[in-house]
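Novice: I'm passing along entry_27.cif; it holds mmCIF, C-alpha atoms.
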```
data_structure
#
loop_
_atom_site.label_atom_id
_atom_site.label_comp_id
_atom_site.auth_asym_id
_atom_site.auth_seq_id
_atom_site.Cartn_x
_atom_site.Cartn_y
_atom_site.Cartn_z
CA MET A 217 26.50 -23.73 9.72
CA ASN A 218 23.15 -24.32 11.33
CA LYS A 219 22.99 -20.79 12.71
CA PRO A 220 22.92 -18.85 9.36
CA HIS A 221 20.05 -20.98 8.06
CA LYS A 222 18.09 -20.31 11.24
CA THR A 223 18.72 -16.55 10.96
CA HIS A 224 17.77 -16.62 7.29
CA PHE A 225 14.57 -18.53 8.14
CA ILE A 226 13.60 -15.99 10.85
CA GLY A 227 14.25 -13.11 8.44
CA VAL A 228 12.02 -14.67 5.77
CA LEU A 229 9.36 -15.36 8.40
CA LEU A 230 9.43 -11.71 9.58
CA ILE A 231 9.23 -10.37 6.02
CA THR A 232 6.30 -12.70 5.28
CA PHE A 233 4.56 -11.58 8.48
CA PHE A 234 4.96 -7.88 7.56
CA ILE A 235 3.66 -8.50 4.03
CA ILE A 236 0.58 -10.23 5.46
CA ILE A 237 -0.01 -7.34 7.89
CA LEU A 238 0.39 -4.71 5.15
CA THR A 239 -1.96 -6.65 2.85
CA ALA A 240 -4.58 -6.89 5.62
CA VAL A 241 -4.34 -3.15 6.34
CA PHE A 242 -4.62 -2.35 2.62
CA LEU A 243 -7.70 -4.56 2.22
CA MET A 244 -9.37 -3.05 5.30
CA MET A 245 -8.80 0.47 3.98
CA LYS A 246 -10.10 -0.50 0.55
CA ASN A 247 -13.26 -2.05 2.03
CA ARG A 248 -13.77 0.98 4.29
CA ASN A 249 -13.69 3.32 1.28
CA THR A 250 -16.10 1.08 -0.61
CA LEU A 251 -18.53 1.10 2.33
CA ASP A 252 -18.32 4.91 2.57
CA GLU A 253 -19.26 5.18 -1.12
CA ASN A 254 -22.40 3.08 -0.56
CA ILE A 255 -23.77 5.24 2.25
CA PRO A 256 -26.58 7.41 0.89
CA VAL A 257 -26.09 11.13 1.28
CA ALA A 258 -29.10 13.30 2.06
CA GLU A 259 -29.68 16.03 -0.47
CA ASN A 260 -30.67 19.54 0.54
CA LYS A 261 -34.17 19.79 -0.89
CA THR A 262 -35.44 23.31 -1.25
CA GLU A 263 -38.13 24.68 -3.48
CA THR A 264 -37.44 28.13 -4.87
CA THR A 265 -41.14 29.09 -4.94
CA SER A 266 -41.66 28.21 -1.27
CA ILE A 267 -41.15 30.63 1.61
CA VAL A 268 -39.98 27.80 3.90
CA PRO A 269 -37.28 25.30 2.84
CA ILE A 270 -38.70 21.83 2.31
CA VAL A 271 -37.07 19.12 4.41
CA GLU A 272 -38.01 15.46 4.30
CA GLU A 273 -39.16 14.93 7.89
CA LYS A 274 -39.35 16.30 11.42
CA VAL A 275 -38.13 14.17 14.32
CA GLY A 276 -39.31 14.35 17.91
CA CYS A 277 -38.55 12.10 20.86
CA GLY A 278 -39.81 8.73 19.63
CA ILE A 279 -41.76 10.15 16.67
CA VAL A 280 -40.94 11.07 13.08
CA VAL A 281 -43.37 13.13 10.99
CA LYS A 282 -43.40 11.71 7.45
CA SER A 283 -46.16 13.83 5.96
CA PRO A 284 -46.55 16.69 5.43
CA THR A 285 -42.97 17.74 4.87
CA ILE A 286 -41.70 20.96 6.41
CA GLY A 287 -42.90 23.93 4.36
CA GLU A 288 -45.25 21.91 2.17
CA LYS A 289 -48.11 23.88 0.60
CA PHE A 290 -51.35 23.20 2.43
CA ASP A 291 -53.36 22.62 -0.73
CA VAL A 292 -51.40 19.41 -1.36
CA ILE A 293 -51.69 18.07 2.21
CA LYS A 294 -54.18 15.22 2.14
CA LYS A 295 -53.15 13.35 5.27
CA VAL A 296 -50.84 13.52 8.25
CA SER A 297 -48.50 10.52 8.72
CA VAL A 298 -46.10 9.80 11.56
CA VAL A 299 -43.97 6.87 12.63
CA VAL A 300 -43.67 6.19 16.35
CA ASP A 301 -40.46 4.36 17.24
CA ASN A 302 -39.85 4.00 20.96
CA SER A 303 -37.12 1.36 20.54
CA LYS A 304 -34.51 3.82 21.90
CA ARG A 305 -36.70 5.13 24.72
CA VAL A 306 -34.25 3.98 27.43
CA GLU A 307 -31.13 5.44 25.77
CA LEU A 308 -32.86 8.74 24.93
CA GLY A 309 -34.64 9.03 28.24
CA CYS A 310 -37.91 9.86 26.50
CA GLY A 311 -40.45 8.48 24.06
CA TRP A 312 -43.83 9.19 22.49
CA THR A 313 -46.93 7.94 24.31
CA VAL A 314 -49.30 5.75 22.32
CA PHE A 315 -52.63 4.69 23.80
CA GLU A 316 -55.25 2.34 22.36
CA GLY A 317 -53.80 2.60 18.84
CA GLN A 318 -53.66 6.39 18.85
CA ALA A 319 -50.47 8.46 18.67
CA GLY A 320 -52.01 11.80 19.57
CA THR A 321 -53.92 14.55 17.85
CA PHE A 322 -53.07 17.10 15.21
CA LYS A 323 -54.34 20.44 14.11
CA ILE A 324 -53.33 22.66 11.24
CA VAL A 325 -53.58 26.40 11.76
CA ASP A 326 -53.22 29.19 9.22
CA SER A 327 -50.85 32.16 9.56
CA GLN A 328 -53.33 33.89 11.93
CA GLY A 329 -53.63 30.84 14.19
CA ASN A 330 -57.10 29.87 12.96
CA GLU A 331 -57.71 26.12 12.91
CA VAL A 332 -58.07 24.80 9.37
CA SER A 333 -57.98 21.03 9.98
CA SER A 334 -57.71 18.60 12.89
CA GLY A 335 -57.81 14.90 13.62
CA ILE A 336 -56.58 11.90 15.59
CA LEU A 337 -53.50 9.96 14.48
CA LYS A 338 -54.55 6.29 14.42
CA VAL A 339 -52.88 3.04 13.49
CA GLN A 340 -54.27 1.36 10.39
CA GLU A 341 -56.71 -1.44 11.13
CA GLY A 342 -55.02 -4.82 11.53
CA ILE A 343 -51.60 -3.36 12.37
CA GLU A 344 -50.09 -4.33 15.73
CA TRP A 345 -49.38 -1.14 17.64
CA MET A 346 -48.30 -2.71 20.95
CA THR A 347 -44.74 -3.36 19.82
CA SER A 348 -41.28 -1.93 20.23
CA LEU A 349 -40.96 -1.80 16.44
CA PRO A 350 -41.72 1.38 14.47
CA VAL A 351 -45.45 1.80 13.71
CA MET A 352 -47.12 4.17 11.20
CA TYR A 353 -50.06 6.31 12.34
CA GLU A 354 -52.16 8.37 9.95
CA ALA A 355 -55.14 10.69 9.74
CA GLU A 356 -56.96 12.40 6.92
CA ALA A 357 -56.56 16.20 6.95
CA PRO A 358 -59.86 17.60 5.64
CA ILE A 359 -60.11 21.37 5.26
CA SER A 360 -62.73 22.68 7.69
CA LYS A 361 -62.82 26.27 6.37
CA ASP A 362 -63.63 27.93 3.09
CA GLU A 363 -60.36 28.66 1.25
CA LYS A 364 -61.09 32.41 1.10
CA ASP A 365 -61.22 32.45 4.93
CA ILE A 366 -57.74 30.93 5.31
CA ALA A 367 -55.02 33.52 6.05
CA LYS A 368 -52.15 33.18 3.56
CA GLY A 369 -48.54 32.82 4.64
CA ILE A 370 -46.87 30.38 7.01
CA GLY A 371 -49.11 28.28 9.23
CA LYS A 372 -48.35 25.24 11.37
CA LEU A 373 -49.09 21.59 11.77
CA ILE A 374 -49.18 20.95 15.52
CA ILE A 375 -49.01 17.34 16.71
CA THR A 376 -49.73 16.77 20.39
CA GLU A 377 -49.00 13.61 22.33
CA ASP A 378 -51.83 12.01 24.31
CA ASP A 379 -51.37 10.90 27.89
CA PRO A 380 -54.57 9.51 29.38
CA SER A 381 -52.92 9.15 32.80
CA GLY A 382 -52.34 12.90 32.98
CA GLU A 383 -49.00 12.23 34.66
CA LYS A 384 -46.59 13.73 32.18
CA ILE A 385 -46.01 16.95 30.33
CA LEU A 386 -47.28 16.45 26.80
CA GLN A 387 -44.85 16.77 23.93
CA THR A 388 -45.77 18.73 20.82
CA ILE A 389 -44.16 18.98 17.44
CA GLU A 390 -44.75 21.99 15.22
CA ILE A 391 -44.08 21.96 11.50
CA PRO A 392 -44.42 25.04 9.30
CA VAL A 393 -46.77 24.69 6.33
CA GLU A 394 -47.45 27.23 3.63
CA PHE A 395 -50.87 28.63 2.70
#
```
Any chance you could put this one into structure tokens?
Specialist:
Amino acid sequence: MNKPHKTHFIGVLLITFFIIILTAVFLMMKNRNTLDENIPVAENKTETTSIVPIVEEKVGCGIVVKSPTIGEKFDVIKKVSVVVDNSKRVELGCGWTVFEGQAGTFKIVDSQGNEVSSGILKVQEGIEWMTSLPVMYEAEAPISKDEKDIAKGIGKLIITEDDPSGEKILQTIEIPVEF
């Protein structure tokens, strides 16, 4: 008589175990779907009046250009902004050189290659630049030519890395801008 109770007990224990496992799997799947819904999805931002599609940012090895955006009209460009983030330098095998609070130089050229603006990307005063954390660098982008002398069409923002040691090949990032 002892044997049927033991078999019955093991059966109930197995059923309970399977119910717990199924409940755990169900809850994990439900939480996974909820997390997927909370992940922001990038929208395709294009401007119908622009020749070049507008994208939020351009990424290089250790650098992200925040402003201007790709294809932005030059008349609205007031400054150039980048974020240098070398925190993944080892994994990527590359990074962006920063020296004495400067993240390189920029120039903006019109569709004929004539320089329209240039400057040095500097960290804002009081910001610690000697860190592995992301750091913002900015520069004003004053127009150095009369507007009638600027060739219309697609020009470029060219950002060049500085390397005072002269030991490496300098990286550049080019972003189309519209004139």
Novice: Measuring atom to atom with only C-alpha atoms, identify which of A:Asp291, A:Asp301, A:Asp362, A:Glu331 is nearest to Leu349 of chain A.
Specialist: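 Counting only C-alpha atoms, the residue closest to Leu349 of chain A is A:Asp301.
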Novice: Could you pull the residues within 12 Å of Asp365 of chain A, counting all atoms listed in the file, minus those fewer than 5 positions along the same chain, as a ChimeraX atom specification?
Specialist: /A:325-328,330-332,359-360,395
Novice: Suppose a student applies the PyMOL selection byres ((chain A and resi 337) around 6) to this structure; what residues should they get, written as a list in words?
Specialist: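 That expression, the PyMOL selection byres ((chain A and resi 337) around 6), corresponds here to Gln318, Ala319, Gly320, Thr321, Ile336, Lys338, Tyr353, Glu354 and Ala355 of chain A.
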Novice: Could you take the residues named above and write them with C-alpha atoms, as a compact mmCIF listing (two decimals), keeping the file's coordinate frame?
Specialist:
```txt
# COMPACT_ATOMS: atom_id res chain seq x y z
CA GLN A 318 -53.66 6.39 18.85
CA ALA A 319 -50.47 8.46 18.67
CA GLY A 320 -52.01 11.80 19.57
CA THR A 321 -53.92 14.55 17.85
CA ILE A 336 -56.58 11.90 15.59
CA LYS A 338 -54.55 6.29 14.42
CA TYR A 353 -50.06 6.31 12.34
CA GLU A 354 -52.16 8.37 9.95
CA ALA A 355 -55.14 10.69 9.74
```
Novice: Quick one, how far is atom CA of Lys372 of chain A from atom CA of Trp312 of chain A?
Specialist: 20.0 Å
Novice: Atom CA of Met346 of chain A and atom CA of Ser333 of chain A are how many Å apart?
Specialist: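 Pair atom CA of Met346 of chain A / atom CA of Ser333 of chain A returns 27.9 Å.
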Novice: Would you compute the distance between atom CA of Glu383 of chain A and atom CA of Thr313 of chain A? Give it in Å to one decimal.
Specialist: 11.4 Å
Novice: Counting all atoms listed in the file, what is within 9 Å of Ser348 of chain A, bar same-chain residues fewer than 2 positions away, as number ranges by chain?
Specialist: A: 301-303, 345-346, 350-351
Novice: Determine the residue set returned by the PyMOL selection byres ((chain A and resi 392) around 9) for the present structure, and present it as a ChimeraX atom specification.
Specialist: /A:268,285-288,370-374,390-391,393-394
Novice: With distances taken over all atoms listed in the file, which of A:Leu308, A:Cys277, A:Ile235, A:Leu230 is nearest to Ile389 of chain A?
Specialist: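 Of all the options, A:Cys277 lies closest to Ile389 of chain A.
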Novice: Since the input is missing atoms for segment 328-351 of chain A, could you rebuild it with N, CA and C atoms and give the result as a tab-separated table (two decimals), in the coordinates of the input?
Specialist:
```tsv
chain	number	residue	atom	x	y	z
A	328	GLN	N	-52.71	33.11	10.85
A	328	GLN	CA	-53.33	33.89	11.93
A	328	GLN	C	-53.66	33.03	13.14
A	329	GLY	N	-53.35	31.75	13.07
A	329	GLY	CA	-53.63	30.84	14.19
A	329	GLY	C	-55.01	30.23	14.17
A	330	ASN	N	-55.76	30.44	13.08
A	330	ASN	CA	-57.10	29.87	12.96
A	330	ASN	C	-57.00	28.40	12.54
A	331	GLU	N	-57.74	27.54	13.24
A	331	GLU	CA	-57.71	26.12	12.91
A	331	GLU	C	-58.35	25.85	11.55
A	332	VAL	N	-57.62	25.11	10.72
A	332	VAL	CA	-58.07	24.80	9.37
A	332	VAL	C	-58.43	23.31	9.24
A	333	SER	N	-57.75	22.47	10.02
A	333	SER	CA	-57.98	21.03	9.98
A	333	SER	C	-57.53	20.43	11.31
A	334	SER	N	-58.13	19.29	11.67
A	334	SER	CA	-57.71	18.60	12.89
A	334	SER	C	-58.09	17.13	12.78
A	335	GLY	N	-57.49	16.32	13.64
A	335	GLY	CA	-57.81	14.90	13.62
A	335	GLY	C	-57.02	14.12	14.66
A	336	ILE	N	-57.25	12.82	14.67
A	336	ILE	CA	-56.58	11.90	15.59
A	336	ILE	C	-55.69	10.97	14.77
A	337	LEU	N	-54.44	10.84	15.17
A	337	LEU	CA	-53.50	9.96	14.48
A	337	LEU	C	-53.73	8.53	14.97
A	338	LYS	N	-54.20	7.66	14.06
A	338	LYS	CA	-54.55	6.29	14.42
A	338	LYS	C	-53.73	5.30	13.61
A	339	VAL	N	-53.53	4.13	14.20
A	339	VAL	CA	-52.88	3.04	13.49
A	339	VAL	C	-53.88	2.46	12.49
A	340	GLN	N	-53.38	1.98	11.37
A	340	GLN	CA	-54.27	1.36	10.39
A	340	GLN	C	-54.82	0.06	10.96
A	341	GLU	N	-56.05	-0.24	10.62
A	341	GLU	CA	-56.71	-1.44	11.13
A	341	GLU	C	-55.90	-2.68	10.77
A	342	GLY	N	-55.75	-3.57	11.74
A	342	GLY	CA	-55.02	-4.82	11.53
A	342	GLY	C	-53.53	-4.73	11.81
A	343	ILE	N	-53.02	-3.53	12.07
A	343	ILE	CA	-51.60	-3.36	12.37
A	343	ILE	C	-51.39	-3.44	13.88
A	344	GLU	N	-50.40	-4.20	14.30
A	344	GLU	CA	-50.09	-4.33	15.73
A	344	GLU	C	-49.37	-3.08	16.22
A	345	TRP	N	-49.98	-2.37	17.14
A	345	TRP	CA	-49.38	-1.14	17.64
A	345	TRP	C	-48.67	-1.34	18.97
A	346	MET	N	-48.95	-2.44	19.67
A	346	MET	CA	-48.30	-2.71	20.95
A	346	MET	C	-47.01	-3.48	20.71
A	347	THR	N	-46.02	-2.76	20.18
A	347	THR	CA	-44.74	-3.36	19.82
A	347	THR	C	-43.63	-2.34	20.04
A	348	SER	N	-42.42	-2.84	20.13
A	348	SER	CA	-41.28	-1.93	20.23
A	348	SER	C	-40.77	-1.54	18.85
A	349	LEU	N	-41.34	-2.13	17.82
A	349	LEU	CA	-40.96	-1.80	16.44
A	349	LEU	C	-41.62	-0.50	16.00
A	350	PRO	N	-41.08	0.16	14.99
A	350	PRO	CA	-41.72	1.38	14.47
A	350	PRO	C	-43.11	1.08	13.91
A	351	VAL	N	-44.07	1.97	14.18
A	351	VAL	CA	-45.45	1.80	13.71
A	351	VAL	C	-45.92	3.11	13.08
```
